[in-house]
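S.K.: Below is the structure I would like to discuss, written out as structure tokens.
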Amino acid sequence: MNLLSAKEVIAIFRKAISDYHLQDHVNASLTNPFDQNSIEGLLYVKTWIDTVQWHLEDIIRRDDISNEEFILTKRKIDASNQNRTDKVEEIDELFLQFFSKLEIREDSKLNSETPGWLLDRLSILELKIYHFIEQAEREDADVDHRNKAANKLKVLLEQEHDLSVCFNELMLDLTDGKKYMKTYKQMKMYNDPSLNPELYKKN
């Protein structure tokens with residue numbers, strides 16, 4: 001596995017978001033430009049999932065949406081949430097396999113957040129940045145709207161810098177054995193017919 005810097009990760013996230021918006025609809029076809037089993041490929045798909053879900057969340061808030069479309073969209077969002085979780089766990093598994101081969105120091109500390117979930121936050125952040133740039137440059141919006149969007153964008157860019165530093169430092173600490181990672185499956189219950197009482201008691 002290639003260990004990527006935050007800058008390289010962000011470039012992958014931005015490419016996925018940009019590629020989605022070339023088609024710009026929730027049924028857009030995904031063509032992964034990376035090896036699907038590589039960290040790059042997983043990160044690309046992860047952000048594609050996030051981007052589709054971003055737009056599904058927009059659709060479900062429309063006032064003119066029919067009940068049928070609302071239910072269908074809500075189920076797509078539920079499925080997307082599960083896919084997102086699964087993809088983060090695949091990403092973390094790659095990190096775990098890589099770092100488990102390295103020596104851990106006696107004073108090594110467990111990091112509470114895994115690399116995959118840190119990158120999940122960064123992926124969502126890149127979506128916010130993309131769409132706030134869009135709002136800050138909207139020609140059909142008034143100056144006040146654009147200025148408010150631009151001010152929020154500044155905060156998001158600061159957060160992007162901070163999360164990038166955190167990710168790079170975590171990679172260094174894991175590589176040096178100063179920290180170690182563990183993974184815990186999310187064990188979501190509501191999608192499992194054997195665990196959700198509303199599903200297994202329906203008869």
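Labels for the structure tokens follow display order: chains A, B, ..., residues from 1 in each chain, ligands from 1.
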Using only C-alpha atoms, which residues sit within 10 Å of Glu90 in chain A once same-chain residues fewer than 6 positions away are excluded, as a PyMOL selection string?

M.R.: chain A and resi 37+39+42-43+46+84+96+116

S.K.: Would you save the residues from that selection as a compact mmCIF listing (two decimals), in the first residue's frame, using N, CA and C atoms?

M.R.:
# COMPACT_ATOMS: atom_id res chain seq x y z
N ASN A 37 -8.76 -1.93 -5.88
CA ASN A 37 -8.32 -2.53 -4.62
C ASN A 37 -7.21 -1.73 -3.94
N ILE A 39 -5.47 1.81 -2.24
CA ILE A 39 -5.96 2.86 -1.34
C ILE A 39 -6.51 4.02 -2.15
N LEU A 42 -9.98 3.03 -3.42
CA LEU A 42 -10.97 3.03 -2.34
C LEU A 42 -11.35 4.45 -1.94
N LEU A 43 -10.36 5.34 -1.89
CA LEU A 43 -10.64 6.73 -1.53
C LEU A 43 -11.51 7.41 -2.59
N LYS A 46 -15.02 6.09 -2.17
CA LYS A 46 -15.57 6.63 -0.92
C LYS A 46 -16.15 8.03 -1.15
N ARG A 84 -21.02 3.72 2.65
CA ARG A 84 -19.97 4.62 3.16
C ARG A 84 -19.24 3.97 4.33
N LEU A 96 -4.54 -1.02 8.61
CA LEU A 96 -4.22 -1.96 9.68
C LEU A 96 -3.23 -3.01 9.21
N GLY A 116 -9.06 5.86 8.62
CA GLY A 116 -10.20 5.84 7.72
C GLY A 116 -11.28 6.82 8.11

S.K.: Using only C-alpha atoms, can you tell me which of A:Asp35, A:Asp92, A:Glu69, A:Asp120 comes closest to Ile49 in chain A?

M.R.: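 The shortest atom-to-atom distance to Ile49 in chain A comes from A:Asp120.
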
S.K.: Would you work out the distance separating CA of Asn81 in chain A from CA of Phe34 in chain A, expressed in Å to one decimal?

M.R.: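 Pair CA of Asn81 in chain A / CA of Phe34 in chain A returns 22.7 Å.
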
S.K.: My list of candidates is A:Phe167, A:Leu127, A:Leu122, A:Asp50. Which is closest to Gln82 in chain A when distances are computed with only C-alpha atoms?

M.R.: A:Asp50

S.K.: Which residue is closest to Ser18 in chain A? Choose from A:Trp117, A:Tyr130, A:Phe98, A:Trp54 and count only C-alpha atoms.

M.R.: A:Tyr130

S.K.: Taking into account only C-alpha atoms, which residue in the set A:Asn147, A:Gln23, A:Gln97, A:Asn67 is nearest to Gln135 in chain A?

M.R.: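 The shortest atom-to-atom distance to Gln135 in chain A comes from A:Asn147.
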
S.K.: So which residues touch Glu40 in chain A within 9 Å, counting only C-alpha atoms, skipping near sequence neighbours fewer than 6 positions away, as a ChimeraX atom specification?

M.R.: /A:2,4,9,12,34

S.K.: What is the distance, in Å and to one decimal place, between CA of Glu160 in chain A and CA of Leu125 in chain A?

M.R.: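 Answer for the CA of Glu160 in chain A to CA of Leu125 in chain A separation: 7.0 Å.
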
S.K.: Name all residues at most 10 Å from Lys178 in chain A (count only C-alpha atoms; drop same-chain ones fewer than 5 positions away) and give them as a PyMOL selection string.

M.R.: chain A and resi 103-111+170+172-173

S.K.: Take the residues just selected and output them with C-alpha atoms as a PDB file, in the first residue's frame.

M.R.:
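Saved the output as out38.pdb:
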ATOM      1  CA  GLU A 103       7.318  -2.342  15.259  1.00  0.00           C
ATOM      2  CA  ILE A 104       5.318  -0.692  18.032  1.00  0.00           C
ATOM      3  CA  ARG A 105       7.144   1.097  20.855  1.00  0.00           C
ATOM      4  CA  GLU A 106       6.504   0.142  24.478  1.00  0.00           C
ATOM      5  CA  ASP A 107       5.114   3.605  25.186  1.00  0.00           C
ATOM      6  CA  SER A 108       2.932   3.590  22.059  1.00  0.00           C
ATOM      7  CA  LYS A 109      -0.562   4.987  22.517  1.00  0.00           C
ATOM      8  CA  LEU A 110      -3.821   4.018  20.887  1.00  0.00           C
ATOM      9  CA  ASN A 111      -5.263   6.715  18.640  1.00  0.00           C
ATOM     10  CA  LEU A 170      -0.994  10.431  12.511  1.00  0.00           C
ATOM     11  CA  LEU A 172       4.121   9.704  11.017  1.00  0.00           C
ATOM     12  CA  ASP A 173       3.206   8.524  14.515  1.00  0.00           C
TER      13      ASP A 173
END

S.K.: Between A:Ile133, A:Ile124, A:Met181, A:Leu118, which is the closest to Ala6 in chain A once you count only C-alpha atoms?

M.R.: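 Looking at the shortest contact to Ala6 in chain A, the residue is A:Leu118.
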
S.K.: Between A:His21, A:Thr183, A:Val26, A:Val155, which one has atoms that come closest to Ile91 in chain A, using only C-alpha atoms?

M.R.: A:Thr183

S.K.: Hey, what does DSSP flag as alpha helix (DSSP H) within range 8-146 of chain A? Can you give it to me as an MDAnalysis selection string?

M.R.: chainID A and resid 8:23 39:59 67:99 115:136 143:146

S.K.: So how many Å separate CA of Ala16 in chain A and CA of His161 in chain A, to one decimal?

M.R.: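 About the pair CA of Ala16 in chain A and CA of His161 in chain A: they are 19.6 Å apart.
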
S.K.: Taking a cut-off of 10 Å and counting only C-alpha atoms, can you build a table that, for each residue of range 77-151 of chain A near range 188-199 of chain A, reports the nearest atom pair and how far apart they are in Å (one decimal), sorted by chain then residue number, as JSON lines?

M.R.:
{"residue": "A:Asp78", "atom": "CA", "partner": "A:Asn191", "partner_atom": "CA", "distance": 8.2}
{"residue": "A:Ala79", "atom": "CA", "partner": "A:Asn191", "partner_atom": "CA", "distance": 8.4}
{"residue": "A:Gln82", "atom": "CA", "partner": "A:Asn191", "partner_atom": "CA", "distance": 8.1}
{"residue": "A:Thr85", "atom": "CA", "partner": "A:Lys188", "partner_atom": "CA", "distance": 9.4}
